[in-house]
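Participant: Contents of model.pdb (PDB, C-alpha atoms):
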ATOM      1  CA  MET D  12      22.650  -2.361  -3.379
ATOM      2  CA  PHE D  13      24.703  -5.200  -4.816
ATOM      3  CA  GLY D  14      26.116  -2.923  -7.481
ATOM      4  CA  ILE D  15      22.893  -2.726  -9.422
ATOM      5  CA  THR D  16      22.256   0.949  -8.957
ATOM      6  CA  MET D  17      25.893   2.018  -8.963
ATOM      7  CA  ALA D  18      26.636   0.333 -12.281
ATOM      8  CA  GLU D  19      24.075   2.516 -13.958
ATOM      9  CA  SER D  20      25.997   5.740 -13.601
ATOM     10  CA  GLU D  21      29.291   4.315 -14.798
ATOM     11  CA  GLY D  22      30.418   4.858 -18.372
ATOM     12  CA  GLY D  23      29.693   7.903 -20.480
ATOM     13  CA  GLU D  24      25.960   7.628 -20.825
ATOM     14  CA  PHE D  25      23.340   7.865 -18.116
ATOM     15  CA  LEU D  26      21.153   4.791 -17.902
ATOM     16  CA  ALA D  27      17.874   5.776 -16.287
ATOM     17  CA  PRO D  28      16.706   3.377 -13.569
ATOM     18  CA  GLY D  29      13.736   1.292 -14.564
ATOM     19  CA  PRO D  30      11.966  -1.925 -13.621
ATOM     20  CA  ASN D  31      15.334  -3.679 -14.030
ATOM     21  CA  SER D  32      16.594  -1.954 -10.894
ATOM     22  CA  PHE D  33      14.091  -4.029  -8.930
ATOM     23  CA  ASP D  34      15.114  -7.382 -10.369
ATOM     24  CA  PHE D  35      17.103  -9.415  -7.883
ATOM     25  CA  SER D  36      16.933 -12.704  -9.770
ATOM     26  CA  GLU D  37      20.505 -12.199 -11.050
ATOM     27  CA  VAL D  38      21.903 -11.689  -7.552
ATOM     28  CA  PRO D  39      20.301 -14.231  -5.202
ATOM     29  CA  LEU D  40      21.584 -14.178  -1.640
ATOM     30  CA  PHE D  41      21.782 -17.963  -1.305
ATOM     31  CA  HIS D  42      20.146 -21.135  -2.555
ATOM     32  CA  ILE D  43      17.935 -23.609  -0.718
ATOM     33  CA  GLY D  44      17.741 -26.758  -2.796
ATOM     34  CA  GLY D  45      17.083 -25.483  -6.306
ATOM     35  CA  LEU D  46      15.349 -22.337  -5.077
ATOM     36  CA  ALA D  47      17.231 -19.070  -5.300
ATOM     37  CA  VAL D  48      16.465 -16.897  -2.277
ATOM     38  CA  THR D  49      16.579 -13.172  -3.070
ATOM     39  CA  LYS D  50      16.648 -10.112  -0.844
ATOM     40  CA  PRO D  51      12.886  -9.317  -0.962
ATOM     41  CA  MET D  52      12.085 -12.880   0.184
ATOM     42  CA  VAL D  53      14.377 -12.556   3.186
ATOM     43  CA  GLN D  54      12.852  -9.170   3.992
ATOM     44  CA  LEU D  55       9.344 -10.599   3.896
ATOM     45  CA  LEU D  56      10.343 -13.252   6.404
ATOM     46  CA  LEU D  57      12.203 -10.725   8.544
ATOM     47  CA  GLY D  58       9.143  -8.481   8.613
ATOM     48  CA  ALA D  59       6.932 -11.309   9.824
ATOM     49  CA  VAL D  60       9.477 -12.238  12.509
ATOM     50  CA  ILE D  61       9.806  -8.639  13.739
ATOM     51  CA  VAL D  62       6.035  -8.198  14.046
ATOM     52  CA  PHE D  63       5.676 -11.532  15.844
ATOM     53  CA  VAL D  64       8.525 -10.913  18.269
ATOM     54  CA  PHE D  65       7.356  -7.378  19.079
ATOM     55  CA  PHE D  66       3.781  -8.324  19.890
ATOM     56  CA  TYR D  67       4.794 -11.545  21.619
ATOM     57  CA  ALA D  68       7.236  -9.681  23.851
ATOM     58  CA  ALA D  69       4.684  -6.945  24.500
ATOM     59  CA  ALA D  70       1.963  -9.390  25.485
ATOM     60  CA  ARG D  71       4.062 -12.011  27.271
ATOM     61  CA  ARG D  72       3.978 -10.710  30.837
ATOM     62  CA  ALA D  73       0.894  -8.545  30.748
ATOM     63  CA  THR D  74       0.393  -6.705  34.005
ATOM     64  CA  LEU D  75      -2.380  -4.437  35.200
ATOM     65  CA  VAL D  76      -0.011  -1.479  35.252
ATOM     66  CA  PRO D  77       1.683  -1.768  31.844
ATOM     67  CA  GLY D  78       5.433  -1.485  31.467
ATOM     68  CA  ARG D  79       7.024   0.462  28.653
ATOM     69  CA  LEU D  80       6.969  -2.337  26.081
ATOM     70  CA  GLN D  81       3.467  -3.432  26.991
ATOM     71  CA  PHE D  82       2.278   0.146  26.718
ATOM     72  CA  ALA D  83       3.783   0.515  23.234
ATOM     73  CA  GLY D  84       2.226  -2.768  22.144
ATOM     74  CA  GLU D  85      -1.173  -1.840  23.536
ATOM     75  CA  ALA D  86      -1.104   1.611  21.962
ATOM     76  CA  ALA D  87      -0.207   0.129  18.573
ATOM     77  CA  TYR D  88      -2.865  -2.564  18.878
ATOM     78  CA  GLY D  89      -5.484  -0.122  20.123
ATOM     79  CA  MET D  90      -4.865   2.303  17.270
ATOM     80  CA  VAL D  91      -5.687  -0.283  14.602
ATOM     81  CA  ARG D  92      -8.426  -1.891  16.671
ATOM     82  CA  ASN D  93     -10.318   1.349  17.278
ATOM     83  CA  SER D  94      -9.630   3.572  14.309
ATOM     84  CA  ILE D  95      -9.755   0.872  11.634
ATOM     85  CA  GLY D  96     -11.577  -2.120  13.111
ATOM     86  CA  ARG D  97     -14.317  -0.669  15.279
ATOM     87  CA  ASP D  98     -15.015   2.493  13.296
ATOM     88  CA  ILE D  99     -15.281   0.777   9.922
ATOM     89  CA  ILE D 100     -16.621  -2.736  10.562
ATOM     90  CA  GLY D 101     -18.916  -1.687  13.410
ATOM     91  CA  SER D 102     -18.921  -2.653  17.063
ATOM     92  CA  LYS D 103     -21.007  -5.810  16.490
ATOM     93  CA  ASP D 104     -18.701  -7.855  14.240
ATOM     94  CA  TYR D 105     -15.289  -6.257  14.423
ATOM     95  CA  ALA D 106     -13.712  -8.329  17.190
ATOM     96  CA  LYS D 107     -12.900 -11.425  15.139
ATOM     97  CA  PHE D 108     -11.197  -9.410  12.394
ATOM     98  CA  VAL D 109      -8.957  -7.391  14.690
ATOM     99  CA  PRO D 110      -6.088  -9.943  14.769
ATOM    100  CA  TYR D 111      -5.996 -10.036  10.971
ATOM    101  CA  LEU D 112      -6.110  -6.249  10.626
ATOM    102  CA  VAL D 113      -3.475  -5.587  13.291
ATOM    103  CA  THR D 114      -1.096  -8.174  11.840
ATOM    104  CA  LEU D 115      -1.666  -6.901   8.321
ATOM    105  CA  PHE D 116      -1.063  -3.273   9.254
ATOM    106  CA  PHE D 117       2.177  -3.846  11.106
ATOM    107  CA  PHE D 118       3.452  -6.383   8.604
ATOM    108  CA  LEU D 119       2.925  -3.817   5.845
ATOM    109  CA  LEU D 120       4.356  -0.989   7.917
ATOM    110  CA  ILE D 121       7.578  -2.883   8.656
ATOM    111  CA  ASN D 122       7.964  -4.071   5.089
ATOM    112  CA  ASN D 123       7.399  -0.552   3.732
ATOM    113  CA  ALA D 124       9.743   0.938   6.305
ATOM    114  CA  PHE D 125      12.506  -1.347   4.995
ATOM    115  CA  ALA D 126      12.725   1.178   2.137
ATOM    116  CA  SER D 127      14.163   3.741   4.534
ATOM    117  CA  ILE D 128      16.087   1.560   6.980
ATOM    118  CA  PRO D 129      19.822   1.861   6.225
ATOM    119  CA  ALA D 130      21.523  -1.281   4.877
ATOM    120  CA  ILE D 131      18.191  -2.720   3.720
ATOM    121  CA  GLN D 132      16.758   0.163   1.710
ATOM    122  CA  PHE D 133      14.390  -1.780  -0.447
ATOM    123  CA  PRO D 134      10.606  -1.798  -0.049
ATOM    124  CA  THR D 135       9.497  -5.423  -0.138
ATOM    125  CA  PHE D 136       6.215  -4.634  -1.846
ATOM    126  CA  SER D 137       7.858  -2.946  -4.793
ATOM    127  CA  ARG D 138       7.907  -6.502  -6.122
ATOM    128  CA  ALA D 139       4.392  -6.818  -7.533
ATOM    129  CA  SER D 140       4.030 -10.541  -6.813
ATOM    130  CA  MET D 141       4.239  -9.974  -3.062
ATOM    131  CA  ALA D 142       1.470  -7.373  -3.188
ATOM    132  CA  TYR D 143      -0.674  -9.690  -5.317
ATOM    133  CA  ALA D 144      -0.333 -12.427  -2.715
ATOM    134  CA  LEU D 145      -1.547 -10.133   0.078
ATOM    135  CA  ALA D 146      -4.448  -8.853  -2.028
ATOM    136  CA  GLY D 147      -5.351 -12.451  -2.882
ATOM    137  CA  LEU D 148      -5.521 -13.246   0.828
ATOM    138  CA  SER D 149      -7.799 -10.286   1.429
ATOM    139  CA  TRP D 150      -9.995 -11.296  -1.547
ATOM    140  CA  VAL D 151     -10.445 -14.771  -0.087
ATOM    141  CA  ILE D 152     -11.249 -13.319   3.343
ATOM    142  CA  TYR D 153     -13.862 -10.749   2.366
ATOM    143  CA  ASN D 154     -15.587 -13.014  -0.122
ATOM    144  CA  GLY D 155     -15.456 -15.918   2.324
ATOM    145  CA  VAL D 156     -16.944 -13.799   5.090
ATOM    146  CA  GLY D 157     -19.718 -12.571   2.811
ATOM    147  CA  ILE D 158     -20.602 -16.012   1.466
ATOM    148  CA  HIS D 159     -20.567 -17.421   5.001
ATOM    149  CA  LYS D 160     -23.062 -14.806   6.137
ATOM    150  CA  HIS D 161     -25.391 -14.403   3.147
ATOM    151  CA  GLY D 162     -24.918 -17.643   1.201
ATOM    152  CA  LEU D 163     -23.459 -17.650  -2.300
ATOM    153  CA  LEU D 164     -26.483 -16.217  -4.135
ATOM    154  CA  GLY D 165     -27.339 -13.729  -1.427
ATOM    155  CA  TYR D 166     -23.752 -12.499  -1.392
ATOM    156  CA  LEU D 167     -23.585 -12.117  -5.158
ATOM    157  CA  LYS D 168     -26.848 -10.180  -5.023
ATOM    158  CA  LEU D 169     -25.499  -7.952  -2.253
ATOM    159  CA  GLN D 170     -22.323  -7.167  -4.176
ATOM    160  CA  SER D 171     -23.733  -6.781  -7.668
ATOM    161  CA  VAL D 172     -27.296  -5.442  -7.350
ATOM    162  CA  PRO D 173     -27.196  -1.817  -6.183
ATOM    163  CA  SER D 174     -30.038  -0.817  -3.910
ATOM    164  CA  GLY D 175     -32.283   2.143  -4.611
ATOM    165  CA  VAL D 176     -31.910   1.909  -8.391
ATOM    166  CA  SER D 177     -34.816   1.244 -10.733
ATOM    167  CA  PRO D 178     -34.709  -2.266 -12.246
ATOM    168  CA  VAL D 179     -34.516  -0.737 -15.722
ATOM    169  CA  MET D 180     -30.883   0.068 -15.056
ATOM    170  CA  TYR D 181     -29.979  -3.439 -13.867
ATOM    171  CA  PRO D 182     -28.664  -4.781 -17.216
ATOM    172  CA  LEU D 183     -26.166  -1.937 -17.235
ATOM    173  CA  LEU D 184     -25.280  -1.752 -13.553
ATOM    174  CA  VAL D 185     -25.190  -5.384 -12.442
ATOM    175  CA  PRO D 186     -22.253  -6.457 -14.652
ATOM    176  CA  LEU D 187     -20.415  -3.251 -13.783
ATOM    177  CA  GLU D 188     -20.903  -3.693 -10.061
ATOM    178  CA  PHE D 189     -19.875  -7.339 -10.239
ATOM    179  CA  PHE D 190     -16.812  -6.426 -12.262
ATOM    180  CA  SER D 191     -15.836  -3.640  -9.898
ATOM    181  CA  ASN D 192     -16.589  -5.340  -6.564
ATOM    182  CA  ILE D 193     -15.389  -8.872  -7.233
ATOM    183  CA  LEU D 194     -12.807  -8.706  -9.998
ATOM    184  CA  VAL D 195     -11.119  -5.288  -9.982
ATOM    185  CA  ARG D 196     -10.908  -4.755  -6.211
ATOM    186  CA  PRO D 197      -8.028  -7.131  -5.470
ATOM    187  CA  ALA D 198      -6.128  -5.867  -8.511
ATOM    188  CA  THR D 199      -6.339  -2.206  -7.502
ATOM    189  CA  LEU D 200      -5.619  -3.116  -3.889
ATOM    190  CA  ALA D 201      -2.389  -4.838  -4.883
ATOM    191  CA  LEU D 202      -1.410  -2.320  -7.549
ATOM    192  CA  ARG D 203      -1.912   0.644  -5.227
ATOM    193  CA  LEU D 204       0.559  -0.733  -2.716
ATOM    194  CA  PHE D 205       2.981  -1.942  -5.368
ATOM    195  CA  ALA D 206       2.910   1.222  -7.497
ATOM    196  CA  ASN D 207       3.404   3.573  -4.555
ATOM    197  CA  MET D 208       6.369   1.638  -3.222
ATOM    198  CA  PHE D 209       7.784   1.130  -6.707
ATOM    199  CA  ALA D 210       7.441   4.763  -7.791
ATOM    200  CA  GLY D 211       8.889   6.110  -4.532
ATOM    201  CA  HIS D 212      11.917   3.859  -4.673
ATOM    202  CA  LEU D 213      12.402   4.604  -8.378
ATOM    203  CA  LEU D 214      12.464   8.326  -7.617
ATOM    204  CA  LEU D 215      15.070   7.783  -4.927
ATOM    205  CA  ILE D 216      17.281   5.752  -7.269
ATOM    206  CA  LEU D 217      16.853   8.336 -10.009
ATOM    207  CA  PHE D 218      17.860  11.282  -7.828
ATOM    208  CA  SER D 219      20.812   9.516  -6.190
ATOM    209  CA  THR D 220      22.342   7.995  -9.331
ATOM    210  CA  GLY D 221      21.408  11.024 -11.408
ATOM    211  CA  GLY D 222      23.110  13.320  -8.907
ATOM    212  CA  LEU D 223      26.272  11.212  -9.109
ATOM    213  CA  PHE D 224      26.169  11.263 -12.900
ATOM    214  CA  LEU D 225      25.710  15.057 -13.016
ATOM    215  CA  LEU D 226      28.591  15.554 -10.607
ATOM    216  CA  GLU D 227      30.867  13.415 -12.787
ATOM    217  CA  TYR D 228      29.633  15.264 -15.872
ATOM    218  CA  GLY D 229      31.036  18.541 -14.569
ATOM    219  CA  GLY D 230      30.050  22.055 -15.651
ATOM    220  CA  ILE D 231      26.520  22.820 -14.571
ATOM    221  CA  GLY D 232      26.489  19.399 -12.948
ATOM    222  CA  TYR D 233      28.457  20.766  -9.987
ATOM    223  CA  VAL D 234      25.315  22.718  -9.095
ATOM    224  CA  ALA D 235      22.651  20.322 -10.328
ATOM    225  CA  GLY D 236      24.209  17.189  -8.828
ATOM    226  CA  PRO D 237      24.141  18.267  -5.158
ATOM    227  CA  LEU D 238      20.694  19.780  -5.778
ATOM    228  CA  ALA D 239      19.481  16.362  -6.910
ATOM    229  CA  TRP D 240      20.850  14.852  -3.682
ATOM    230  CA  VAL D 241      19.058  17.463  -1.602
ATOM    231  CA  LEU D 242      15.860  16.520  -3.416
ATOM    232  CA  ALA D 243      16.614  12.857  -2.748
ATOM    233  CA  ILE D 244      16.700  13.635   0.979
ATOM    234  CA  ALA D 245      13.436  15.572   0.742
ATOM    235  CA  ILE D 246      11.811  12.691  -1.105
ATOM    236  CA  SER D 247      13.034  10.271   1.567
ATOM    237  CA  PHE D 248      10.914  12.164   4.086
ATOM    238  CA  LEU D 249       7.938  12.146   1.735
ATOM    239  CA  GLU D 250       8.455   8.400   1.401
ATOM    240  CA  LEU D 251       8.249   7.938   5.171
ATOM    241  CA  LEU D 252       4.781   9.488   5.011
ATOM    242  CA  VAL D 253       3.770   7.388   2.004
ATOM    243  CA  GLN D 254       4.954   4.186   3.691
ATOM    244  CA  PHE D 255       2.709   4.782   6.671
ATOM    245  CA  LEU D 256      -0.187   5.991   4.544
ATOM    246  CA  GLN D 257      -0.102   2.969   2.235
ATOM    247  CA  ALA D 258      -0.045   0.512   5.119
ATOM    248  CA  TYR D 259      -2.987   2.408   6.621
ATOM    249  CA  VAL D 260      -4.941   2.601   3.366
ATOM    250  CA  PHE D 261      -4.417  -1.092   2.598
ATOM    251  CA  THR D 262      -5.695  -2.101   6.030
ATOM    252  CA  LEU D 263      -8.535   0.430   5.918
ATOM    253  CA  LEU D 264      -9.718  -0.859   2.547
ATOM    254  CA  ASN D 265      -9.533  -4.428   3.841
ATOM    255  CA  ALA D 266     -11.799  -3.411   6.710
ATOM    256  CA  MET D 267     -14.158  -1.624   4.323
ATOM    257  CA  TYR D 268     -14.429  -4.635   2.025
ATOM    258  CA  ILE D 269     -15.152  -6.865   5.010
ATOM    259  CA  SER D 270     -17.797  -4.481   6.321
ATOM    260  CA  GLY D 271     -19.299  -4.258   2.835
ATOM    261  CA  ALA D 272     -19.493  -8.046   2.652
ATOM    262  CA  LEU D 273     -21.125  -8.202   6.096
ATOM    263  CA  ALA D 274     -23.623  -5.404   5.441
ATOM    264  CA  ASP D 275     -27.299  -6.223   5.639
ATOM    265  CA  GLU D 276     -29.553  -5.432   2.736
ATOM    266  CA  HIS D 277     -31.292  -2.115   2.887
TER     267      HIS D 277
ATOM    268  CA  MET V  10      19.581   8.698 -22.923
ATOM    269  CA  ASP V  11      16.511   7.027 -24.280
ATOM    270  CA  GLY V  12      13.005   7.484 -23.029
ATOM    271  CA  ASN V  13       9.568   6.202 -23.659
ATOM    272  CA  LEU V  14       6.537   8.082 -24.900
ATOM    273  CA  ASN V  15       4.446   6.066 -22.439
ATOM    274  CA  MET V  16       5.859   8.102 -19.597
ATOM    275  CA  ILE V  17       4.632  11.373 -21.112
ATOM    276  CA  GLY V  18       1.253   9.736 -21.531
ATOM    277  CA  TYR V  19       1.307   8.680 -17.914
ATOM    278  CA  GLY V  20       2.209  12.192 -16.842
ATOM    279  CA  LEU V  21      -0.810  13.537 -18.704
ATOM    280  CA  ALA V  22      -3.030  10.798 -17.312
ATOM    281  CA  ALA V  23      -1.967  11.636 -13.768
ATOM    282  CA  ILE V  24      -3.410  15.155 -14.037
ATOM    283  CA  GLY V  25      -6.966  13.881 -13.597
ATOM    284  CA  PRO V  26      -6.422  11.900 -10.377
ATOM    285  CA  GLY V  27      -4.197  14.738  -9.126
ATOM    286  CA  VAL V  28      -7.016  17.238  -9.441
ATOM    287  CA  GLY V  29      -9.457  14.728  -7.961
ATOM    288  CA  ILE V  30      -7.321  14.030  -4.896
ATOM    289  CA  GLY V  31      -6.840  17.755  -4.390
ATOM    290  CA  LEU V  32     -10.593  18.323  -4.432
ATOM    291  CA  ILE V  33     -11.192  15.459  -1.988
ATOM    292  CA  PHE V  34      -8.741  16.764   0.580
ATOM    293  CA  ALA V  35      -9.928  20.355   0.098
ATOM    294  CA  ALA V  36     -13.428  19.209   0.980
ATOM    295  CA  TYR V  37     -12.079  17.184   3.917
ATOM    296  CA  ILE V  38     -10.122  20.116   5.315
ATOM    297  CA  SER V  39     -13.018  22.550   5.045
ATOM    298  CA  GLY V  40     -15.303  19.923   6.579
ATOM    299  CA  VAL V  41     -12.996  19.523   9.568
ATOM    300  CA  ALA V  42     -12.590  23.293   9.878
ATOM    301  CA  ARG V  43     -16.338  23.735  10.085
ATOM    302  CA  GLN V  44     -16.956  20.801  12.375
ATOM    303  CA  PRO V  45     -13.808  19.574  14.147
ATOM    304  CA  GLU V  46     -15.670  16.876  16.106
ATOM    305  CA  ALA V  47     -16.540  15.087  12.844
ATOM    306  CA  GLN V  48     -12.885  14.486  11.981
ATOM    307  CA  GLY V  49     -12.920  10.796  12.818
ATOM    308  CA  ARG V  50     -15.810  10.040  10.493
ATOM    309  CA  LEU V  51     -14.623  12.345   7.734
ATOM    310  CA  GLN V  52     -11.133  10.902   7.778
ATOM    311  CA  SER V  53     -12.090   7.407   6.695
ATOM    312  CA  ILE V  54     -14.438   8.770   4.024
ATOM    313  CA  ALA V  55     -11.703  11.073   2.724
ATOM    314  CA  ILE V  56      -9.184   8.258   2.605
ATOM    315  CA  LEU V  57     -11.644   6.008   0.788
ATOM    316  CA  GLY V  58     -12.249   8.713  -1.801
ATOM    317  CA  PHE V  59      -8.518   9.313  -2.074
ATOM    318  CA  ALA V  60      -7.901   5.590  -2.623
ATOM    319  CA  LEU V  61     -10.575   5.381  -5.325
ATOM    320  CA  ALA V  62      -9.272   8.444  -7.193
ATOM    321  CA  GLU V  63      -5.720   7.234  -6.839
ATOM    322  CA  ALA V  64      -6.670   3.882  -8.374
ATOM    323  CA  LEU V  65      -6.896   5.635 -11.759
ATOM    324  CA  ALA V  66      -3.345   6.939 -11.488
ATOM    325  CA  ILE V  67      -2.199   3.480 -10.436
ATOM    326  CA  ILE V  68      -3.855   1.767 -13.380
ATOM    327  CA  GLY V  69      -2.103   4.400 -15.480
ATOM    328  CA  ILE V  70       1.366   3.662 -14.113
ATOM    329  CA  ALA V  71       0.814  -0.076 -14.490
ATOM    330  CA  LEU V  72      -0.215   0.363 -18.124
ATOM    331  CA  ALA V  73       2.662   2.769 -18.785
ATOM    332  CA  PHE V  74       5.113   0.026 -17.887
ATOM    333  CA  VAL V  75       3.181  -2.830 -19.466
ATOM    334  CA  LEU V  76       2.203  -1.414 -22.860
TER     335      LEU V  76
END
Mind turning the file's structure into C-alpha cells?

Facilitator:
Amino acid sequence: MFGITMAESEGGEFLAPGPNSFDFSEVPLFHIGGLAVTKPMVQLLLGAVIVFVFFYAAARRATLVPGRLQFAGEAAYGMVRNSIGRDIIGSKDYAKFVPYLVTLFFFLLINNAFASIPAIQFPTFSRASMAYALAGLSWVIYNGVGIHKHGLLGYLKLQSVPSGVSPVMYPLLVPLEFFSNILVRPATLALRLFANMFAGHLLLILFSTGGLFLLEYGGIGYVAGPLAWVLAIAISFLELLVQFLQAYVFTLLNAMYISGALADEH
Amino acid sequence: MDGNLNMIGYGLAAIGPGVGIGLIFAAYISGVARQPEAQGRLQSIAILGFALAEALAIIGIALAFVL
C-alpha cells in the first residue's frame, strides 16, 4: 500500500521487507492540527465504529422471535458470553465482565481481519503501541478487580504467594510469582498479539514482493515466482485462522487473569 | 541481499516452543478422543498452555528485532 511494498522490489537488488514496511509515519493520510493521522489510527477508529454499529443495530429492535440481524448478534454475543465469560470466570461473577469481553473480542477480530480485507490489508495490531495500549487496559482491569475484592495486601498475597508450597521456598518463589503475574503478563499479552500479526503480515509481504522480484529476475524465477505467490495465497488462509485465534486467545487470557484475581484463597 | 544473524538465532529458539505446542495439542487431541464430552474444559486448558508456550517464541521474536 502507498508504494511502500512495491518500491522494495524495484531496482536490481531485492530489499527484504522488515519493520520499516510497517512504518506509516512517512505517509500520513491527513493532518488534524499538528497531529499526523496514519492508516492504522483510522483503522482502529473504523474497527470501533463497526463493532458499535453492528451490535447497536442488532440490539435496537429486539423482538421475542429474533430477525436475521438480531440472531447473528445474539449468536456472536452468546459465544463469547458462554465459552469465554461463563466457563472461565465462573457463573457467580461473570456477568459484569461480559460487556468488556464481548467488545474486546469483536474489536480485536475486526482489527485483525483488516489484514485480509481487500483495500485495507493491514493488521492494526501489527503496530506494537496499539497492542500495548490494550494490554495496559487489561492490566488495569484485572489488578483493579483484584484489589477491589481482596484489598491491596490481600491481592498481592494472592498473586505472589503460591499455595501448597512449603515456606522454605518463599524467598525464591515470591519474587518470581510477583514478576510473572504482575509485571510480565501485560507484556506477553501485548507481544503475543503484536508478534503474530506482525509476523503473518511480514510473511505475506515477503512472498508477494519476493515472487515479483523472482519473476523479474528470470531463469528459475519463472518457476519460483509463481510458486511464491501460491504460497502467499496459502498463507493468507493460515492468517485467517491466526486472526481469529489471536482475538480468542487475547480475550480468553483476559478472562483468566480476571478469574485469577477474583479467586478465593485455598 | 543482507541478512541478520539474529534471525537464525530466532529460528533455533523457535524449535523449543514448536515442540512444546505440538506436545500440548497432541495431549489435547488424545484427551478429546478418549473423552469427547470433556472437550469444552480441555479446550481452554489447551489454549492456556499453548499461549504460555508460545510466549517464549514471542519473546524470542521481539528480542530478535530489538537486539

Participant: So what does the PyMOL selection byres ((chain V) within 8 of (chain D)) actually pick up in this one, as a list in words?

Facilitator: Met10, Ser53, Ile56, Leu57, Ala60, Glu63, Ala64, Ile67, Ile68, Ile70 and Ala71 of chain V

Participant: Export C-alpha atoms of the chosen residues as a PDB file, in the coordinates of the input?

Facilitator:
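File part09.pdb, as written:
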ATOM      1  CA  MET V  10      19.581   8.698 -22.923  1.00  0.00           C
ATOM      2  CA  SER V  53     -12.090   7.407   6.695  1.00  0.00           C
ATOM      3  CA  ILE V  56      -9.184   8.258   2.605  1.00  0.00           C
ATOM      4  CA  LEU V  57     -11.644   6.008   0.788  1.00  0.00           C
ATOM      5  CA  ALA V  60      -7.901   5.590  -2.623  1.00  0.00           C
ATOM      6  CA  GLU V  63      -5.720   7.234  -6.839  1.00  0.00           C
ATOM      7  CA  ALA V  64      -6.670   3.882  -8.374  1.00  0.00           C
ATOM      8  CA  ILE V  67      -2.199   3.480 -10.436  1.00  0.00           C
ATOM      9  CA  ILE V  68      -3.855   1.767 -13.380  1.00  0.00           C
ATOM     10  CA  ILE V  70       1.366   3.662 -14.113  1.00  0.00           C
ATOM     11  CA  ALA V  71       0.814  -0.076 -14.490  1.00  0.00           C
TER      12      ALA V  71
END

Participant: For D:Pro237, find every residue with an atom within 9 Å (counting all atoms listed in the file), except residues of its own chain fewer than 6 positions away, and show them as a VMD selection string.

Facilitator: chain D and resid 222 to 223 225 to 226

Participant: Could you turn the residues from that selection into a file that holds C-alpha atoms, as a PDB file, in the coordinates of the input?

Facilitator:
ATOM      1  CA  GLY D 222      23.110  13.320  -8.907  1.00  0.00           C
ATOM      2  CA  LEU D 223      26.272  11.212  -9.109  1.00  0.00           C
ATOM      3  CA  LEU D 225      25.710  15.057 -13.016  1.00  0.00           C
ATOM      4  CA  LEU D 226      28.591  15.554 -10.607  1.00  0.00           C
TER       5      LEU D 226
END

Participant: For the PyMOL selection byres ((chain D and resi 252) around 12), applied here, can you spell out every residue it catches as a list of chain:residue names?

Facilitator: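 Applying the expression gives D:Leu120, D:Asn123, D:Ala124, D:Ala126, D:Ser127, D:Asn207, D:Met208, D:Gly211, D:Ala245, D:Ile246, D:Ser247, D:Phe248, D:Leu249, D:Glu250, D:Leu251, D:Val253, D:Gln254, D:Phe255, D:Leu256, D:Gln257, D:Ala258, D:Tyr259.
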
Participant: Which value, in Å to one decimal, gives the distance between atom CA of D:Leu184 and atom CA of D:Val172?

Facilitator: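 One can read the atom CA of D:Leu184 to atom CA of D:Val172 distance as 7.5 Å.
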
Participant: Applying 12 Å and all atoms listed in the file, which residues near V:Val41 remain after dropping the ones on its own chain fewer than 5 positions away? List them as a ChimeraX atom specification.

Facilitator: /V:34-36,46-52,55

Participant: What do you get, as a VMD selection string, if you spell out every residue that the PyMOL selection byres ((chain D and resi 118) around 10) selects here?

Facilitator: chain D and resid 55 to 63 112 to 117 119 to 124 258

Participant: Quick one: everything within 8 Å of stretch 154-157 of chain D, counting only C-alpha atoms, minus sequence neighbours fewer than 5 positions away in the same chain. Send it as a list in words.

Facilitator: Gly162, Tyr166, Ile269, Ala272 and Leu273 of chain D

Participant: Which residues come within 12 Å of V:Gly25, counting all atoms listed in the file, excluding same-chain residues fewer than 6 positions away, as a PyMOL selection string?

Facilitator: chain V and resi 19+31-32+62-67+69

Participant: What does the distance from atom CA of D:Val76 to atom CA of D:Lys103 come to in Å, to one decimal?

Facilitator: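 Computing the Euclidean distance for atom CA of D:Val76 and atom CA of D:Lys103 yields 28.5 Å.
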
Participant: Tell me which protein, DNA and RNA residues are within 9 Å of D:Glu188, counting all atoms listed in the file, leaving out same-chain ones fewer than 2 positions away, and put them as a count of residues only.

Facilitator: 11

Participant: Quick one: pull the distance between atom CA of D:Met52 and atom CA of D:Val64, Å, one decimal.

Facilitator: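 If I compute the distance from atom CA of D:Met52 to atom CA of D:Val64, I get 18.5 Å.
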